[in-house]
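S.K.: This is input.tsv, which holds TSV, N, CA and C atoms:
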```
chain	number	residue	atom	x	y	z
A	1	GLN	N	5.46	7.89	19.42
A	1	GLN	CA	4.51	6.94	18.86
A	1	GLN	C	4.45	7.10	17.34
A	2	VAL	N	4.74	6.03	16.64
A	2	VAL	CA	4.71	6.07	15.19
A	2	VAL	C	3.30	5.80	14.71
A	3	GLN	N	2.87	6.57	13.73
A	3	GLN	CA	1.57	6.35	13.12
A	3	GLN	C	1.70	6.29	11.61
A	4	LEU	N	0.93	5.39	11.02
A	4	LEU	CA	0.79	5.32	9.57
A	4	LEU	C	-0.67	5.63	9.24
A	5	VAL	N	-0.89	6.64	8.42
A	5	VAL	CA	-2.25	7.07	8.10
A	5	VAL	C	-2.46	6.97	6.60
A	6	GLU	N	-3.35	6.05	6.21
A	6	GLU	CA	-3.68	5.88	4.80
A	6	GLU	C	-4.81	6.81	4.38
A	7	SER	N	-4.82	7.18	3.12
A	7	SER	CA	-5.91	7.97	2.56
A	7	SER	C	-5.98	7.70	1.06
A	8	GLY	N	-7.09	8.15	0.46
A	8	GLY	CA	-7.21	8.04	-0.99
A	8	GLY	C	-8.14	6.95	-1.47
A	9	GLY	N	-8.67	6.16	-0.55
A	9	GLY	CA	-9.60	5.12	-0.96
A	9	GLY	C	-10.95	5.70	-1.36
A	10	GLY	N	-11.80	4.84	-1.89
A	10	GLY	CA	-13.13	5.29	-2.29
A	10	GLY	C	-13.78	4.33	-3.25
A	11	LEU	N	-14.84	4.80	-3.87
A	11	LEU	CA	-15.60	4.01	-4.84
A	11	LEU	C	-15.18	4.44	-6.25
A	12	VAL	N	-14.87	3.47	-7.09
A	12	VAL	CA	-14.46	3.77	-8.45
A	12	VAL	C	-15.05	2.70	-9.38
A	13	GLN	N	-15.31	3.09	-10.60
A	13	GLN	CA	-15.85	2.15	-11.58
A	13	GLN	C	-14.74	1.25	-12.12
A	14	PRO	N	-15.09	0.07	-12.59
A	14	PRO	CA	-14.09	-0.80	-13.22
A	14	PRO	C	-13.37	-0.06	-14.35
A	15	GLY	N	-12.05	-0.25	-14.39
A	15	GLY	CA	-11.23	0.46	-15.35
A	15	GLY	C	-10.71	1.79	-14.87
A	16	GLY	N	-11.21	2.24	-13.74
A	16	GLY	CA	-10.79	3.53	-13.20
A	16	GLY	C	-9.49	3.47	-12.42
A	17	SER	N	-9.13	4.61	-11.84
A	17	SER	CA	-7.87	4.74	-11.11
A	17	SER	C	-8.08	5.39	-9.75
A	18	LEU	N	-7.20	5.05	-8.84
A	18	LEU	CA	-7.12	5.69	-7.54
A	18	LEU	C	-5.66	5.77	-7.14
A	19	ARG	N	-5.33	6.75	-6.31
A	19	ARG	CA	-4.00	6.81	-5.74
A	19	ARG	C	-4.12	6.84	-4.23
A	20	LEU	N	-3.54	5.83	-3.60
A	20	LEU	CA	-3.52	5.76	-2.15
A	20	LEU	C	-2.24	6.40	-1.62
A	21	SER	N	-2.37	7.01	-0.46
A	21	SER	CA	-1.22	7.61	0.21
A	21	SER	C	-1.12	7.05	1.62
A	22	CYS	N	0.10	6.95	2.11
A	22	CYS	CA	0.35	6.53	3.49
A	22	CYS	C	1.39	7.47	4.06
A	23	ALA	N	0.96	8.28	5.00
A	23	ALA	CA	1.85	9.23	5.65
A	23	ALA	C	2.32	8.66	6.97
A	24	ALA	N	3.63	8.70	7.18
A	24	ALA	CA	4.23	8.16	8.39
A	24	ALA	C	4.71	9.28	9.30
A	25	SER	N	4.34	9.20	10.55
A	25	SER	CA	4.86	10.14	11.53
A	25	SER	C	6.14	9.58	12.13
A	26	GLY	N	6.84	10.39	12.85
A	26	GLY	CA	8.07	9.93	13.47
A	26	GLY	C	9.24	9.93	12.51
A	27	SER	N	10.32	9.34	12.92
A	27	SER	CA	11.57	9.42	12.16
A	27	SER	C	11.94	8.11	11.50
A	28	ILE	N	10.97	7.21	11.33
A	28	ILE	CA	11.30	5.88	10.86
A	28	ILE	C	11.32	5.74	9.36
A	29	PHE	N	10.68	6.65	8.68
A	29	PHE	CA	10.28	6.37	7.30
A	29	PHE	C	11.44	6.04	6.38
A	30	SER	N	12.47	6.85	6.37
A	30	SER	CA	13.51	6.71	5.35
A	30	SER	C	14.24	5.38	5.45
A	31	ASN	N	14.26	4.76	6.62
A	31	ASN	CA	14.95	3.48	6.80
A	31	ASN	C	14.03	2.28	6.71
A	32	SER	N	12.76	2.53	6.45
A	32	SER	CA	11.77	1.45	6.49
A	32	SER	C	11.54	0.81	5.15
A	33	PHE	N	11.30	-0.48	5.21
A	33	PHE	CA	10.75	-1.22	4.09
A	33	PHE	C	9.25	-0.99	4.15
A	34	MET	N	8.68	-0.45	3.09
A	34	MET	CA	7.26	-0.08	3.09
A	34	MET	C	6.48	-1.01	2.19
A	35	GLY	N	5.28	-1.36	2.64
A	35	GLY	CA	4.47	-2.24	1.84
A	35	GLY	C	3.00	-1.85	1.86
A	36	TRP	N	2.33	-2.21	0.80
A	36	TRP	CA	0.87	-2.12	0.73
A	36	TRP	C	0.31	-3.53	0.72
A	37	TYR	N	-0.71	-3.74	1.54
A	37	TYR	CA	-1.39	-5.02	1.64
A	37	TYR	C	-2.89	-4.78	1.48
A	38	ARG	N	-3.62	-5.85	1.23
A	38	ARG	CA	-5.06	-5.69	1.16
A	38	ARG	C	-5.75	-6.91	1.74
A	39	GLN	N	-6.98	-6.69	2.18
A	39	GLN	CA	-7.79	-7.78	2.72
A	39	GLN	C	-9.21	-7.60	2.27
A	40	ALA	N	-9.69	-8.57	1.51
A	40	ALA	CA	-11.07	-8.58	1.06
A	40	ALA	C	-11.91	-9.36	2.06
A	41	PRO	N	-13.22	-9.12	2.09
A	41	PRO	CA	-14.09	-9.83	3.04
A	41	PRO	C	-13.96	-11.34	2.89
A	42	GLY	N	-13.74	-12.01	4.00
A	42	GLY	CA	-13.65	-13.46	4.00
A	42	GLY	C	-12.35	-14.02	3.49
A	43	LYS	N	-11.39	-13.15	3.20
A	43	LYS	CA	-10.10	-13.60	2.67
A	43	LYS	C	-8.96	-13.16	3.58
A	44	GLN	N	-7.82	-13.82	3.41
A	44	GLN	CA	-6.65	-13.45	4.18
A	44	GLN	C	-6.01	-12.18	3.62
A	45	ARG	N	-5.32	-11.48	4.48
A	45	ARG	CA	-4.59	-10.31	4.04
A	45	ARG	C	-3.45	-10.76	3.12
A	46	GLU	N	-3.25	-10.00	2.03
A	46	GLU	CA	-2.21	-10.36	1.07
A	46	GLU	C	-1.37	-9.15	0.70
A	47	ARG	N	-0.12	-9.42	0.37
A	47	ARG	CA	0.77	-8.33	-0.03
A	47	ARG	C	0.46	-7.91	-1.45
A	48	VAL	N	0.43	-6.62	-1.67
A	48	VAL	CA	0.16	-6.06	-2.99
A	48	VAL	C	1.44	-5.58	-3.65
A	49	ALA	N	2.20	-4.78	-2.91
A	49	ALA	CA	3.43	-4.21	-3.45
A	49	ALA	C	4.31	-3.76	-2.30
A	50	SER	N	5.61	-3.66	-2.57
A	50	SER	CA	6.53	-3.20	-1.55
A	50	SER	C	7.66	-2.40	-2.18
A	51	ILE	N	8.30	-1.60	-1.33
A	51	ILE	CA	9.42	-0.78	-1.80
A	51	ILE	C	10.41	-0.65	-0.65
A	52	ASN	N	11.68	-0.89	-0.94
A	52	ASN	CA	12.66	-0.80	0.14
A	52	ASN	C	13.22	0.63	0.23
A	53	SER	N	14.14	0.82	1.15
A	53	SER	CA	14.66	2.16	1.40
A	53	SER	C	15.48	2.70	0.23
A	54	TYR	N	15.89	1.82	-0.69
A	54	TYR	CA	16.64	2.25	-1.87
A	54	TYR	C	15.72	2.47	-3.08
A	55	GLY	N	14.44	2.22	-2.89
A	55	GLY	CA	13.49	2.42	-3.98
A	55	GLY	C	13.24	1.20	-4.83
A	56	ARG	N	13.79	0.06	-4.43
A	56	ARG	CA	13.55	-1.17	-5.20
A	56	ARG	C	12.13	-1.66	-4.91
A	57	THR	N	11.41	-1.99	-5.96
A	57	THR	CA	10.00	-2.36	-5.82
A	57	THR	C	9.76	-3.83	-6.14
A	58	ASN	N	8.65	-4.30	-5.63
A	58	ASN	CA	8.23	-5.67	-5.88
A	58	ASN	C	6.71	-5.70	-5.88
A	59	TYR	N	6.12	-6.48	-6.81
A	59	TYR	CA	4.67	-6.51	-6.96
A	59	TYR	C	4.13	-7.93	-6.95
A	60	ALA	N	2.93	-8.05	-6.41
A	60	ALA	CA	2.22	-9.31	-6.57
A	60	ALA	C	1.83	-9.47	-8.03
A	61	ASP	N	1.78	-10.71	-8.49
A	61	ASP	CA	1.48	-10.97	-9.91
A	61	ASP	C	0.15	-10.36	-10.33
A	62	PHE	N	-0.82	-10.35	-9.42
A	62	PHE	CA	-2.17	-9.91	-9.81
A	62	PHE	C	-2.28	-8.40	-10.00
A	63	VAL	N	-1.22	-7.64	-9.68
A	63	VAL	CA	-1.26	-6.19	-9.91
A	63	VAL	C	-0.17	-5.70	-10.85
A	64	LYS	N	0.71	-6.59	-11.28
A	64	LYS	CA	1.79	-6.18	-12.16
A	64	LYS	C	1.25	-5.53	-13.43
A	65	GLY	N	1.83	-4.39	-13.76
A	65	GLY	CA	1.40	-3.66	-14.94
A	65	GLY	C	0.23	-2.72	-14.70
A	66	ARG	N	-0.40	-2.83	-13.52
A	66	ARG	CA	-1.55	-1.97	-13.22
A	66	ARG	C	-1.28	-1.03	-12.05
A	67	PHE	N	-0.55	-1.49	-11.06
A	67	PHE	CA	-0.28	-0.71	-9.85
A	67	PHE	C	1.19	-0.29	-9.82
A	68	THR	N	1.43	0.88	-9.22
A	68	THR	CA	2.80	1.37	-9.06
A	68	THR	C	2.98	1.90	-7.65
A	69	ILE	N	3.99	1.40	-6.95
A	69	ILE	CA	4.32	1.89	-5.62
A	69	ILE	C	5.49	2.85	-5.73
A	70	SER	N	5.44	3.90	-4.93
A	70	SER	CA	6.54	4.87	-4.92
A	70	SER	C	6.62	5.48	-3.52
A	71	ARG	N	7.73	6.15	-3.26
A	71	ARG	CA	7.89	6.77	-1.95
A	71	ARG	C	8.56	8.12	-2.09
A	72	ASP	N	8.20	9.01	-1.18
A	72	ASP	CA	8.81	10.33	-1.10
A	72	ASP	C	9.37	10.46	0.31
A	73	ASN	N	10.66	10.25	0.46
A	73	ASN	CA	11.26	10.27	1.80
A	73	ASN	C	11.22	11.65	2.43
A	74	ALA	N	11.24	12.69	1.61
A	74	ALA	CA	11.17	14.05	2.16
A	74	ALA	C	9.82	14.33	2.78
A	75	GLU	N	8.77	13.68	2.23
A	75	GLU	CA	7.41	13.87	2.75
A	75	GLU	C	6.97	12.73	3.65
A	76	ASN	N	7.86	11.74	3.90
A	76	ASN	CA	7.51	10.59	4.74
A	76	ASN	C	6.23	9.90	4.26
A	77	THR	N	6.12	9.76	2.95
A	77	THR	CA	4.88	9.23	2.37
A	77	THR	C	5.19	8.16	1.33
A	78	VAL	N	4.38	7.12	1.33
A	78	VAL	CA	4.44	6.10	0.29
A	78	VAL	C	3.11	6.10	-0.45
A	79	TYR	N	3.16	5.88	-1.75
A	79	TYR	CA	1.98	5.95	-2.59
A	79	TYR	C	1.73	4.61	-3.28
A	80	LEU	N	0.47	4.41	-3.64
A	80	LEU	CA	0.12	3.28	-4.48
A	80	LEU	C	-0.81	3.81	-5.57
A	81	GLN	N	-0.29	3.93	-6.77
A	81	GLN	CA	-1.10	4.33	-7.90
A	81	GLN	C	-1.74	3.08	-8.49
A	82	MET	N	-3.06	3.07	-8.54
A	82	MET	CA	-3.80	1.90	-9.01
A	82	MET	C	-4.58	2.27	-10.26
A	83	ASN	N	-4.24	1.63	-11.35
A	83	ASN	CA	-4.91	1.85	-12.63
A	83	ASN	C	-5.62	0.58	-13.09
A	84	SER	N	-6.50	0.73	-14.04
A	84	SER	CA	-7.24	-0.42	-14.60
A	84	SER	C	-7.83	-1.28	-13.49
A	85	LEU	N	-8.49	-0.64	-12.57
A	85	LEU	CA	-9.04	-1.36	-11.42
A	85	LEU	C	-10.13	-2.32	-11.82
A	86	LYS	N	-10.18	-3.44	-11.10
A	86	LYS	CA	-11.14	-4.50	-11.35
A	86	LYS	C	-11.99	-4.71	-10.10
A	87	PRO	N	-13.18	-5.27	-10.24
A	87	PRO	CA	-14.00	-5.54	-9.06
A	87	PRO	C	-13.27	-6.40	-8.02
A	88	GLU	N	-12.42	-7.30	-8.47
A	88	GLU	CA	-11.69	-8.15	-7.52
A	88	GLU	C	-10.60	-7.40	-6.76
A	89	ASP	N	-10.35	-6.14	-7.10
A	89	ASP	CA	-9.43	-5.32	-6.32
A	89	ASP	C	-10.11	-4.71	-5.09
A	90	THR	N	-11.41	-4.90	-4.97
A	90	THR	CA	-12.14	-4.39	-3.82
A	90	THR	C	-11.61	-5.00	-2.53
A	91	ALA	N	-11.22	-4.16	-1.59
A	91	ALA	CA	-10.63	-4.61	-0.34
A	91	ALA	C	-10.31	-3.40	0.53
A	92	VAL	N	-9.96	-3.69	1.77
A	92	VAL	CA	-9.34	-2.67	2.62
A	92	VAL	C	-7.84	-2.75	2.37
A	93	TYR	N	-7.24	-1.62	2.07
A	93	TYR	CA	-5.82	-1.54	1.77
A	93	TYR	C	-5.07	-0.96	2.97
A	94	TYR	N	-4.00	-1.67	3.35
A	94	TYR	CA	-3.23	-1.30	4.53
A	94	TYR	C	-1.78	-0.97	4.14
A	95	CYS	N	-1.24	-0.02	4.85
A	95	CYS	CA	0.16	0.35	4.71
A	95	CYS	C	0.94	-0.29	5.86
A	96	ARG	N	2.17	-0.69	5.58
A	96	ARG	CA	3.00	-1.34	6.60
A	96	ARG	C	4.42	-0.80	6.51
A	97	ALA	N	5.02	-0.56	7.67
A	97	ALA	CA	6.42	-0.11	7.76
A	97	ALA	C	7.19	-1.14	8.57
A	98	ILE	N	8.28	-1.66	7.98
A	98	ILE	CA	9.02	-2.75	8.61
A	98	ILE	C	10.51	-2.39	8.69
A	99	ALA	N	11.10	-2.74	9.83
A	99	ALA	CA	12.54	-2.73	9.98
A	99	ALA	C	12.87	-3.81	11.01
A	100	VAL	N	14.12	-3.98	11.31
A	100	VAL	CA	14.51	-5.00	12.30
A	100	VAL	C	13.85	-4.71	13.65
A	101	GLU	N	13.77	-3.42	13.97
A	101	GLU	CA	13.29	-3.03	15.32
A	101	GLU	C	11.78	-2.90	15.42
A	102	TYR	N	11.05	-2.87	14.29
A	102	TYR	CA	9.62	-2.58	14.39
A	102	TYR	C	8.84	-3.12	13.21
A	103	ASP	N	7.53	-3.12	13.38
A	103	ASP	CA	6.59	-3.58	12.36
A	103	ASP	C	5.28	-2.86	12.64
A	104	TYR	N	5.00	-1.82	11.86
A	104	TYR	CA	3.81	-1.00	12.10
A	104	TYR	C	2.82	-1.14	10.95
A	105	TRP	N	1.53	-1.07	11.30
A	105	TRP	CA	0.45	-1.09	10.32
A	105	TRP	C	-0.41	0.16	10.45
A	106	GLY	N	-0.95	0.58	9.33
A	106	GLY	CA	-1.94	1.64	9.35
A	106	GLY	C	-3.32	1.07	9.63
A	107	GLN	N	-4.32	1.95	9.64
A	107	GLN	CA	-5.67	1.53	10.00
A	107	GLN	C	-6.45	1.04	8.79
A	108	GLY	N	-5.94	1.29	7.60
A	108	GLY	CA	-6.58	0.82	6.38
A	108	GLY	C	-7.49	1.84	5.73
A	109	THR	N	-7.64	1.69	4.42
A	109	THR	CA	-8.56	2.54	3.66
A	109	THR	C	-9.32	1.65	2.68
A	110	GLN	N	-10.62	1.87	2.60
A	110	GLN	CA	-11.48	1.00	1.78
A	110	GLN	C	-11.41	1.41	0.31
A	111	VAL	N	-11.21	0.43	-0.54
A	111	VAL	CA	-11.28	0.61	-1.99
A	111	VAL	C	-12.39	-0.29	-2.51
A	112	THR	N	-13.35	0.31	-3.19
A	112	THR	CA	-14.46	-0.46	-3.77
A	112	THR	C	-14.53	-0.19	-5.26
A	113	VAL	N	-14.46	-1.25	-6.03
A	113	VAL	CA	-14.52	-1.14	-7.49
A	113	VAL	C	-15.83	-1.76	-7.94
A	114	SER	N	-16.73	-0.90	-8.40
A	114	SER	CA	-18.06	-1.37	-8.76
A	114	SER	C	-18.71	-0.39	-9.71
A	115	SER	N	-19.56	-0.93	-10.59
A	115	SER	CA	-20.31	-0.08	-11.49
A	115	SER	C	-21.69	0.23	-10.90
```
Could you express the structure from this file as structure tokens?

M.R.:
Amino acid sequence: QVQLVESGGGLVQPGGSLRLSCAASGSIFSNSFMGWYRQAPGKQRERVASINSYGRTNYADFVKGRFTISRDNAENTVYLQMNSLKPEDTAVYYCRAIAVEYDYWGQGTQVTVSS
């Protein structure tokens, strides 16, 4: 059974930083396309950033220059470094692992940006 476990969320003031982590169990990680998504109350889930198995990254326009996705295949972990956080970044953040054979989601971690 594959599990994705996110951590690192919390309450932060505008302009602050957080680093989210997603640890993957099982043997899927190194071959997976990994993504971070978020869902704010009353809104649809949206893609934030992604990274393929070769380390190529892609970002949504609304986080470019502020967020950085990275992965450590030895630790089976993907990270999302979030800087210059804004109140509109408030959401539940989800990790996703995708390949031809599977599509797994984590349980999510809450990020709240508020003064």

S.K.: Could you name the residues that touch Thr90 (chain A) at 8 Å or less, counting all atoms listed in the file, but leaving out those on the same chain fewer than 6 positions away, as a list in words?

M.R.: Arg38, Gln39, Ala40, Pro41, Gln110, Val111, Thr112, Val113 and Ser114 of chain A

S.K.: Set the distance at 10 Å and use only C-alpha atoms: which residues neighbour Ser25 (chain A) once local chain neighbours fewer than 3 positions away are removed? I'd like the list as a ChimeraX atom specification.

M.R.: /A:1-5,22,28-29,75-77

S.K.: Can you list, as a ChimeraX atom specification, every protein, DNA or RNA residue that comes within 6 Å of region 50-62 of chain A when you count all atoms listed in the file, leaving out same-chain residues fewer than 4 positions away?

M.R.: /A:30-36

S.K.: Run DSSP on the backbone and tell me which residues of chain A come out as helix (DSSP H, G or I); list them as a PyMOL selection string.

M.R.: chain A and resi 29-31+61-63+87-89

S.K.: List every protein, DNA or RNA residue that has an atom no more than 6.5 Å from (-6.2, 3.1, -14.2) in the file's coordinate frame, counting all atoms listed in the file, and report them as a PyMOL selection string.

M.R.: chain A and resi 15-18+82-85

S.K.: Quick check, in Å to one decimal: how far apart do atom C of Gly108 (chain A) and atom C of Gly8 (chain A) lie?

M.R.: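 For atom C of Gly108 (chain A) relative to atom C of Gly8 (chain A), the distance reads 8.9 Å.
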
S.K.: Using all atoms of region 78-88 of chain A listed in the file and a margin of 6 Å per side, can you give the axis-aligned box centre and edge lengths in Å to one decimal, as JSON?

M.R.:
```
{"center_x": -4.8, "center_y": -0.5, "center_z": -6.6, "size_x": 30.4, "size_y": 27.3, "size_z": 27.9}
```

S.K.: Quick check, in Å to one decimal: how far apart do atom C of Ser27 (chain A) and atom C of Asp103 (chain A) lie?

M.R.: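 About the pair atom C of Ser27 (chain A) and atom C of Asp103 (chain A): they are 12.9 Å apart.
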
S.K.: Could you state the separation of atom C of Gln13 (chain A) and CA of Glu88 (chain A) in Å, given to one decimal place?

M.R.: 10.9 Å

S.K.: When distances are computed from only N, CA and C atoms, which of A:Leu11, A:Ser115, A:Lys43, A:Ala23 shows the smallest separation from Tyr79 (chain A)?

M.R.: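 For Tyr79 (chain A), the nearest of the candidates is A:Ala23.
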
S.K.: Would you please work out which residue, of A:Asp89, A:Glu6, A:Thr109, A:Val48, is nearest to Ala24 (chain A) when using only N, CA and C atoms?

M.R.: A:Glu6

S.K.: Restore N, CA, C and O atoms in region 25-42 of chain A and list the result as an mmCIF file, keeping the file's coordinate frame.

M.R.:
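And here's selection02.cif as it stands now:
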```
data_model
loop_
_atom_site.group_PDB
_atom_site.id
_atom_site.type_symbol
_atom_site.label_atom_id
_atom_site.label_comp_id
_atom_site.auth_asym_id
_atom_site.auth_seq_id
_atom_site.Cartn_x
_atom_site.Cartn_y
_atom_site.Cartn_z
ATOM 1 N N SER A 25 4.340 9.200 10.550
ATOM 2 C CA SER A 25 4.860 10.140 11.530
ATOM 3 C C SER A 25 6.140 9.580 12.130
ATOM 4 O O SER A 25 6.468 8.410 11.951
ATOM 5 N N GLY A 26 6.840 10.390 12.850
ATOM 6 C CA GLY A 26 8.070 9.930 13.470
ATOM 7 C C GLY A 26 9.240 9.930 12.510
ATOM 8 O O GLY A 26 9.141 10.408 11.381
ATOM 9 N N SER A 27 10.320 9.340 12.920
ATOM 10 C CA SER A 27 11.570 9.420 12.160
ATOM 11 C C SER A 27 11.940 8.110 11.500
ATOM 12 O O SER A 27 13.089 7.903 11.123
ATOM 13 N N ILE A 28 10.970 7.210 11.330
ATOM 14 C CA ILE A 28 11.300 5.880 10.860
ATOM 15 C C ILE A 28 11.320 5.740 9.360
ATOM 16 O O ILE A 28 11.888 4.809 8.823
ATOM 17 N N PHE A 29 10.680 6.650 8.680
ATOM 18 C CA PHE A 29 10.280 6.370 7.300
ATOM 19 C C PHE A 29 11.440 6.040 6.380
ATOM 20 O O PHE A 29 11.390 5.046 5.655
ATOM 21 N N SER A 30 12.470 6.850 6.370
ATOM 22 C CA SER A 30 13.510 6.710 5.350
ATOM 23 C C SER A 30 14.240 5.380 5.450
ATOM 24 O O SER A 30 14.797 4.902 4.467
ATOM 25 N N ASN A 31 14.260 4.760 6.620
ATOM 26 C CA ASN A 31 14.950 3.480 6.800
ATOM 27 C C ASN A 31 14.030 2.280 6.710
ATOM 28 O O ASN A 31 14.475 1.141 6.875
ATOM 29 N N SER A 32 12.760 2.530 6.450
ATOM 30 C CA SER A 32 11.770 1.450 6.490
ATOM 31 C C SER A 32 11.540 0.810 5.150
ATOM 32 O O SER A 32 11.556 1.473 4.115
ATOM 33 N N PHE A 33 11.300 -0.480 5.210
ATOM 34 C CA PHE A 33 10.750 -1.220 4.090
ATOM 35 C C PHE A 33 9.250 -0.990 4.150
ATOM 36 O O PHE A 33 8.614 -1.284 5.160
ATOM 37 N N MET A 34 8.680 -0.450 3.090
ATOM 38 C CA MET A 34 7.260 -0.080 3.090
ATOM 39 C C MET A 34 6.480 -1.010 2.190
ATOM 40 O O MET A 34 6.929 -1.360 1.091
ATOM 41 N N GLY A 35 5.280 -1.360 2.640
ATOM 42 C CA GLY A 35 4.470 -2.240 1.840
ATOM 43 C C GLY A 35 3.000 -1.850 1.860
ATOM 44 O O GLY A 35 2.534 -1.209 2.798
ATOM 45 N N TRP A 36 2.330 -2.210 0.800
ATOM 46 C CA TRP A 36 0.870 -2.120 0.730
ATOM 47 C C TRP A 36 0.310 -3.530 0.720
ATOM 48 O O TRP A 36 0.785 -4.393 -0.043
ATOM 49 N N TYR A 37 -0.710 -3.740 1.540
ATOM 50 C CA TYR A 37 -1.390 -5.020 1.640
ATOM 51 C C TYR A 37 -2.890 -4.780 1.480
ATOM 52 O O TYR A 37 -3.351 -3.637 1.605
ATOM 53 N N ARG A 38 -3.620 -5.850 1.230
ATOM 54 C CA ARG A 38 -5.060 -5.690 1.160
ATOM 55 C C ARG A 38 -5.750 -6.910 1.740
ATOM 56 O O ARG A 38 -5.188 -8.010 1.752
ATOM 57 N N GLN A 39 -6.980 -6.690 2.180
ATOM 58 C CA GLN A 39 -7.790 -7.780 2.720
ATOM 59 C C GLN A 39 -9.210 -7.600 2.270
ATOM 60 O O GLN A 39 -9.858 -6.594 2.599
ATOM 61 N N ALA A 40 -9.690 -8.570 1.510
ATOM 62 C CA ALA A 40 -11.070 -8.580 1.060
ATOM 63 C C ALA A 40 -11.910 -9.360 2.060
ATOM 64 O O ALA A 40 -11.387 -10.196 2.805
ATOM 65 N N PRO A 41 -13.220 -9.120 2.090
ATOM 66 C CA PRO A 41 -14.090 -9.830 3.040
ATOM 67 C C PRO A 41 -13.960 -11.340 2.890
ATOM 68 O O PRO A 41 -14.037 -11.879 1.779
ATOM 69 N N GLY A 42 -13.740 -12.010 4.000
ATOM 70 C CA GLY A 42 -13.650 -13.460 4.000
ATOM 71 C C GLY A 42 -12.350 -14.020 3.490
ATOM 72 O O GLY A 42 -12.211 -15.243 3.348
#
```
